[in-house]
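J.: My structure file coords-v4.cif, mmCIF, C-alpha atoms and all ligand atoms, is below:
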```cif
data_run
loop_
_atom_site.label_atom_id
_atom_site.label_comp_id
_atom_site.auth_asym_id
_atom_site.auth_seq_id
_atom_site.Cartn_x
_atom_site.Cartn_y
_atom_site.Cartn_z
CA MET A 22 108.05 111.63 98.65
CA ASN A 23 111.51 112.73 97.63
CA SER A 24 113.59 114.13 100.34
CA SER A 25 116.78 116.04 99.93
CA CYS A 26 118.46 115.74 103.24
CA LEU A 27 119.17 119.27 104.29
CA THR A 28 121.59 119.90 107.03
CA LYS A 29 119.81 120.30 110.29
CA THR A 30 119.11 123.88 111.19
CA GLU A 31 121.76 125.30 113.47
CA THR A 32 119.33 125.30 116.38
CA LYS A 33 118.08 121.97 117.66
CA SER A 34 114.58 121.54 116.28
CA PRO A 35 113.22 118.78 118.46
CA PHE A 36 111.17 115.77 117.49
CA LEU A 37 107.84 116.56 119.19
CA ILE A 38 105.79 113.70 120.61
CA GLY A 39 102.26 114.16 122.00
CA VAL A 40 100.93 111.69 124.55
CA ALA A 41 97.20 111.85 125.35
CA GLY A 42 94.75 109.73 127.32
CA GLY A 43 92.37 109.85 130.25
CA THR A 44 93.44 110.85 133.70
CA ALA A 45 95.60 108.22 135.44
CA CYS A 46 95.89 106.19 132.20
CA GLY A 47 99.67 105.97 132.57
CA LYS A 48 100.73 108.86 130.32
CA SER A 49 103.47 110.05 132.67
CA THR A 50 104.82 106.53 133.15
CA VAL A 51 104.85 105.90 129.40
CA CYS A 52 106.78 109.16 128.96
CA LYS A 53 109.23 108.23 131.71
CA ASN A 54 109.87 104.83 130.12
CA ILE A 55 110.40 106.33 126.66
CA ILE A 56 112.78 108.95 128.07
CA GLU A 57 114.79 106.35 129.95
CA LYS A 58 115.09 104.10 126.93
CA LEU A 59 115.91 106.93 124.51
CA GLY A 60 118.16 108.80 126.88
CA GLN A 61 120.41 105.75 127.25
CA THR A 62 120.95 105.67 123.53
CA ASN A 63 124.44 106.82 122.75
CA LEU A 64 123.84 108.48 119.39
CA ASP A 65 126.29 110.77 117.56
CA GLU A 66 128.66 110.46 120.52
CA THR A 67 126.24 112.55 122.54
CA ARG A 68 123.37 111.27 124.65
CA ARG A 69 119.96 112.03 123.22
CA GLN A 70 118.46 114.89 125.13
CA VAL A 71 114.88 113.82 125.77
CA VAL A 72 112.59 115.95 127.93
CA SER A 73 108.91 115.79 128.76
CA ILE A 74 106.47 118.50 129.77
CA SER A 75 102.93 118.29 131.07
CA GLN A 76 99.91 120.03 129.64
CA ASP A 77 98.92 120.68 133.25
CA SER A 78 101.64 123.34 133.34
CA PHE A 79 99.33 125.31 131.08
CA TYR A 80 96.24 125.40 133.30
CA ARG A 81 95.06 128.98 133.17
CA GLU A 82 94.95 131.19 136.26
CA LEU A 83 91.54 131.08 137.98
CA ASN A 84 89.62 134.16 139.06
CA ALA A 85 88.42 134.51 142.68
CA ALA A 86 85.05 132.85 142.10
CA GLU A 87 86.65 129.95 140.19
CA LYS A 88 89.22 129.46 142.97
CA ILE A 89 86.39 129.06 145.50
CA LYS A 90 84.64 126.52 143.25
CA ALA A 91 87.93 124.68 142.73
CA SER A 92 88.55 124.43 146.46
CA LYS A 93 85.19 122.67 146.77
CA GLY A 94 85.86 120.34 143.85
CA GLN A 95 83.26 122.20 141.80
CA PHE A 96 85.52 123.50 139.00
CA ASN A 97 85.91 121.51 135.81
CA PHE A 98 89.65 121.04 135.27
CA ASP A 99 88.94 118.49 132.56
CA HIS A 100 87.29 120.98 130.22
CA PRO A 101 89.37 122.54 127.43
CA ASP A 102 88.51 126.03 128.75
CA ALA A 103 90.59 125.29 131.86
CA PHE A 104 93.77 125.40 129.78
CA ASP A 105 95.61 128.45 128.40
CA GLU A 106 95.77 127.26 124.79
CA VAL A 107 97.59 130.34 123.45
CA PHE A 108 100.32 130.15 126.11
CA MET A 109 100.76 126.42 125.44
CA PHE A 110 100.90 126.89 121.67
CA GLN A 111 103.39 129.75 121.92
CA THR A 112 105.61 127.79 124.31
CA LEU A 113 105.63 124.71 122.08
CA THR A 114 106.36 126.88 119.03
CA ASP A 115 109.33 128.42 120.85
CA ILE A 116 110.54 124.93 121.83
CA GLN A 117 110.07 123.85 118.21
CA ALA A 118 112.27 126.77 117.14
CA GLY A 119 115.00 125.52 119.46
CA LYS A 120 114.60 128.19 122.11
CA THR A 121 115.17 127.63 125.83
CA CYS A 122 111.81 127.99 127.55
CA SER A 123 110.66 128.32 131.13
CA ILE A 124 107.29 126.80 131.97
CA PRO A 125 105.26 126.86 135.17
CA VAL A 126 104.90 123.99 137.63
CA TYR A 127 101.28 123.27 138.50
CA ASN A 128 100.30 122.81 142.16
CA TYR A 129 97.27 120.52 142.53
CA LYS A 130 96.83 121.43 146.18
CA THR A 131 96.42 125.17 145.49
CA ASN A 132 94.87 124.58 142.04
CA SER A 133 97.26 127.10 140.58
CA ARG A 134 100.72 127.55 139.10
CA SER A 135 103.46 127.50 141.69
CA LYS A 136 104.57 131.10 142.13
CA ASN A 137 108.31 130.78 142.40
CA GLU A 138 108.91 127.46 140.67
CA ASN A 139 109.45 126.99 136.93
CA ILE A 140 110.90 124.24 134.78
CA VAL A 141 113.52 125.30 132.22
CA ILE A 142 113.29 123.36 128.96
CA TYR A 143 116.62 123.53 127.12
CA PRO A 144 116.92 122.77 123.40
CA ALA A 145 116.54 119.00 123.07
CA ASP A 146 116.38 116.27 120.41
CA VAL A 147 113.04 114.94 121.59
CA VAL A 148 110.33 116.76 123.54
CA ILE A 149 107.36 114.77 124.83
CA VAL A 150 104.16 116.66 125.74
CA GLU A 151 101.66 114.69 127.82
CA GLY A 152 98.13 115.70 128.79
CA ILE A 153 94.50 114.63 128.82
CA LEU A 154 93.73 117.09 126.02
CA ALA A 155 97.08 117.18 124.21
CA PHE A 156 95.30 116.52 120.90
CA TYR A 157 92.20 118.63 121.52
CA PHE A 158 93.45 121.98 120.19
CA PRO A 159 94.15 121.67 116.41
CA ALA A 160 97.01 124.19 116.29
CA ILE A 161 98.81 122.34 119.08
CA ARG A 162 97.93 118.90 117.71
CA ASP A 163 99.50 119.83 114.37
CA LEU A 164 102.85 120.56 116.02
CA PHE A 165 103.42 116.94 117.01
CA HIS A 166 105.57 114.69 114.78
CA MET A 167 104.23 111.62 116.55
CA LYS A 168 100.99 111.21 118.55
CA LEU A 169 100.44 108.45 121.10
CA PHE A 170 97.14 107.71 122.85
CA VAL A 171 97.31 105.65 126.05
CA ASP A 172 94.14 103.56 126.22
CA THR A 173 93.55 102.27 129.75
CA ASP A 174 90.19 101.06 131.09
CA SER A 175 88.28 103.75 132.97
CA ASP A 176 87.82 101.52 136.05
CA THR A 177 91.57 101.00 136.25
CA ARG A 178 92.07 104.75 135.90
CA LEU A 179 89.56 105.52 138.65
CA ALA A 180 91.16 102.93 140.94
CA ARG A 181 94.49 104.71 140.47
CA ARG A 182 93.06 108.18 140.69
CA VAL A 183 91.27 107.83 144.05
CA PRO A 184 94.34 107.02 146.18
CA ARG A 185 96.47 109.53 144.21
CA ASP A 186 94.05 112.40 144.77
CA ILE A 187 93.62 111.52 148.45
CA ASN A 188 97.28 110.86 149.27
CA GLU A 189 99.05 113.29 146.90
CA ARG A 190 96.51 116.04 146.35
CA GLY A 191 94.96 116.25 149.82
CA ARG A 192 91.37 115.46 148.91
CA ASP A 193 88.72 113.31 150.58
CA LEU A 194 87.05 110.30 149.00
CA GLU A 195 83.65 111.94 148.58
CA GLN A 196 85.14 114.96 146.78
CA VAL A 197 87.25 112.76 144.50
CA LEU A 198 84.29 110.61 143.49
CA ASN A 199 81.97 113.57 143.01
CA GLN A 200 84.58 115.35 140.88
CA TYR A 201 85.05 112.20 138.84
CA MET A 202 81.34 111.68 138.21
CA ASN A 203 80.51 115.36 137.64
CA PHE A 204 83.55 116.43 135.61
CA VAL A 205 86.31 113.93 134.93
CA LYS A 206 84.20 111.12 133.42
CA PRO A 207 81.88 113.28 131.25
CA ALA A 208 84.74 115.49 130.06
CA PHE A 209 86.80 112.41 129.15
CA GLU A 210 83.94 111.12 127.02
CA GLU A 211 83.18 114.49 125.44
CA PHE A 212 86.66 115.96 124.91
CA CYS A 213 89.43 113.37 125.38
CA LEU A 214 88.15 110.08 123.95
CA PRO A 215 87.23 111.67 120.56
CA THR A 216 90.87 112.71 120.11
CA LYS A 217 91.98 109.06 120.03
CA LYS A 218 91.37 109.09 116.27
CA PHE A 219 94.25 111.55 115.84
CA ALA A 220 96.76 109.16 117.37
CA ASP A 221 99.44 107.49 115.23
CA ILE A 222 99.75 104.75 117.82
CA ILE A 223 97.21 103.65 120.45
CA ILE A 224 98.78 101.93 123.46
CA PRO A 225 96.36 99.57 125.20
CA ARG A 226 97.11 99.04 128.93
CA GLY A 227 99.62 101.92 129.01
CA ALA A 228 102.99 101.54 130.68
CA GLU A 229 102.67 97.76 131.15
CA ASN A 230 102.66 97.41 127.38
CA PHE A 231 106.41 96.86 127.01
CA VAL A 232 106.10 95.64 123.40
CA ALA A 233 104.39 98.88 122.33
CA ILE A 234 106.88 101.08 124.16
CA ASP A 235 109.87 99.21 122.73
CA LEU A 236 108.43 99.51 119.20
CA ILE A 237 107.87 103.26 119.69
CA VAL A 238 111.36 103.82 121.11
CA GLN A 239 112.95 101.90 118.24
CA HIS A 240 110.95 103.90 115.70
CA ILE A 241 112.05 107.18 117.25
CA ARG A 242 115.67 105.98 117.31
CA ASP A 243 115.45 105.08 113.62
CA LEU A 244 113.94 108.44 112.75
CA LEU A 245 116.57 110.34 114.71
CA ASN A 246 119.36 108.23 113.29
CA SER A 247 118.46 107.60 109.70
CA GLU A 248 120.46 109.41 107.01
CA HIS A 249 117.55 109.77 104.64
CA CYS A 250 114.97 110.83 107.06
CA THR A 251 114.08 114.39 107.37
CA GLN A 252 113.60 117.41 105.26
CA TYR A 253 113.38 120.56 107.23
CA GLU A 254 111.39 123.50 106.03
CA LEU A 255 111.44 126.63 108.04
CA SER A 256 108.24 128.63 107.83
CA GLU A 257 107.26 131.35 110.27
CA GLY A 258 109.73 129.88 112.73
CA LEU A 259 108.02 126.51 112.60
CA VAL A 260 109.96 123.49 111.58
CA ALA A 261 107.96 120.96 109.60
CA VAL A 262 109.49 117.53 109.54
CA HIS A 263 108.60 115.32 106.58
CA THR A 264 110.06 111.87 106.55
CA ASN A 265 110.36 110.28 103.16
CA ASN A 266 108.37 107.08 102.78
N1 LIG B 1 90.02 117.30 139.04
N2 LIG B 1 90.34 117.00 138.10
N3 LIG B 1 90.77 116.69 137.06
C1 LIG B 1 92.03 117.14 136.51
C2 LIG B 1 92.41 116.23 135.37
O1 LIG B 1 91.71 115.01 135.40
C3 LIG B 1 93.86 115.94 135.61
C4 LIG B 1 94.69 116.33 134.39
O2 LIG B 1 96.00 115.91 134.55
O3 LIG B 1 94.29 116.71 136.73
C5 LIG B 1 93.16 117.02 137.50
N4 LIG B 1 93.38 118.28 138.23
C6 LIG B 1 93.70 119.40 137.53
C7 LIG B 1 93.90 120.59 138.21
C8 LIG B 1 93.74 120.62 139.61
O4 LIG B 1 93.89 121.66 140.27
N5 LIG B 1 93.41 119.46 140.25
C9 LIG B 1 93.23 118.30 139.58
O5 LIG B 1 92.94 117.25 140.17
#
```
Can the structure in the file be given as structure tokens, please?
T.:
Amino acid sequence: MNSSCLTKTETKSPFLIGVAGGTACGKSTVCKNIIEKLGQTNLDETRRQVVSISQDSFYRELNAAEKIKASKGQFNFDHPDAFDEVFMFQTLTDIQAGKTCSIPVYNYKTNSRSKNENIVIYPADVVIVEGILAFYFPAIRDLFHMKLFVDTDSDTRLARRVPRDINERGRDLEQVLNQYMNFVKPAFEEFCLPTKKFADIIIPRGAENFVAIDLIVQHIRDLLNSEHCTQYELSEGLVAVHTNN
């Protein structure tokens, strides 16, 4: 594909990376490692601004009946309907357009967005979006310039999830296991695992896979650095990035 290198738009249109995978697969750790490795890169005399946001910030508000079910571990937070797709799409589109955005912080103890706490996402070079269903919604999936799927065994994920939910999210063992068997496991198989096919790169074993992470970081560096890399087209405020092959 020919590419005439246009000057970058005056606003920073970030390189969007989606990271999906089952709960406790290591998504957040993979993101942290990529950010650390990219952020240290001294490109164009300025440090690469690399930020990551969680799909969990876009859990929708629950009504009274749903809140009661959630408090008993009887609400399915692993189903696509639990997320506010429109809000997430609009926020990512604004980020894509180089706008500064404020997104909620999710509180797992209250099963709701923290009232007076938001994260401000400033225009950045790279924005990583991680979530169990990051690739489920087509309109959101199509925004990503790179899609990573972290493929960790489900027994390893459960072994990590149990202590995390008990120690960090104030739950008891029986509730955690019931929620896993009734919701987390079936929803992973029905909604998350099928999205693996959309990934550009599948990372077996997650954050321990240093080779995979180094390869990904180097690829992103090359893309961000290369002279003949991107052709920007602005359409409806979206920025489509086509790299020439
Ligand atoms: N329960 N459950 N499963 C979801 C899902 O596996 C994971 C997504 O990051 O967070 C979990 N999750 C989400 C909202 C919530 O209030 N509590 C919670 O544990």
J.: Residues near stretch 148-154 of chain A, anyone? I mean within 6 Å using only C-alpha atoms, not counting same-chain ones fewer than 3 positions away, as a ChimeraX atom specification.
T.: /A:37-43,71-76,157,213
J.: Could I get the residue neighbourhood of ligand LIG 1 (chain B) at 6 Å, counting only C-alpha atoms and all ligand atoms, as a list in words?
T.: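 Protein and nucleic-acid residues within 6 Å of ligand LIG 1 (chain B): Thr44, Asp77, Phe98, Asp99, Tyr129, Asn132, Ile153 and Val205 of chain A.
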J.: Between A:His240, A:Lys120, A:Lys88, A:Lys93, which has the minimum distance to A:Ile222 (counting all atoms listed in the file)?
T.: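 Nearest to A:Ile222: A:His240.
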J.: Find the residue from A:Leu59, A:Val141, A:Val107, A:Cys46 that sits nearest to A:Asn246; use all atoms listed in the file when measuring.
T.: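 Once distances to A:Asn246 are computed over all atoms listed in the file, the minimum belongs to A:Leu59.
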J.: What is the distance between atom CA of A:Phe204 and atom CA of A:Ile124, in Å to one decimal?
T.: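 For atom CA of A:Phe204 relative to atom CA of A:Ile124, the distance reads 26.2 Å.
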J.: Quick one: everything within 12 Å of A:Gly191, counting all atoms listed in the file, minus sequence neighbours fewer than 2 positions away in the same chain. Send it as a PyMOL selection string.
T.: chain A and resi 92+94+128-132+183-189+193-194+196-197
J.: Considering only C-alpha atoms, state which residue in the set A:Ser34, A:Glu87, A:Asp163, A:Ala180 is at the smallest distance from A:Thr121.
T.: A:Ser34
J.: Which of these residues is nearest to A:Ile142, using all atoms listed in the file: A:Arg190, A:Gln70, A:Tyr80, A:Ile56?
T.: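 Of A:Arg190, A:Gln70, A:Tyr80, A:Ile56, the one nearest A:Ile142, counting all atoms listed in the file, is A:Gln70.
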J.: Using only C-alpha atoms, which of the listed residues (A:Asp102, A:Asn97, A:Gln117, A:Lys206) sits closest to A:Leu179?
T.: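 Nearest candidate to A:Leu179 out of A:Asp102, A:Asn97, A:Gln117, A:Lys206: A:Lys206.
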J.: Report, in Å to a single decimal, how far apart atom CA of A:Cys52 and atom CA of A:Gln200 are.
T.: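 Separating atom CA of A:Gln200 from atom CA of A:Cys52 is a distance of 25.9 Å.
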J.: Could you tell me how far atom CA of A:Ala145 lies from atom CA of A:Pro125, in Å and to one decimal?
T.: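 Straight-line distance from atom CA of A:Ala145 to atom CA of A:Pro125 works out to 18.3 Å.
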J.: Around the point (95.3, 106.9, 114.4) (coordinates from the file), which residues reach within 12 Å if we count only C-alpha atoms? Answer as a ChimeraX atom specification.
T.: /A:156,167-171,215-224
J.: Point out the residue among A:Ala91, A:Phe108, A:Phe231, A:Gly47 with the least atom-to-atom distance to A:Arg181, counting only C-alpha atoms.
T.: A:Gly47
J.: Once 8 Å is added on each side, what centre and edge lengths in Å to one decimal does the axis-aligned box around all listed atoms of stretch 81-98 of chain A have, as lines of an AutoDock Vina configuration file?
T.:
```
center_x = 89.2
center_y = 127.4
center_z = 140.0
size_x = 27.8
size_y = 30.2
size_z = 29.6
```
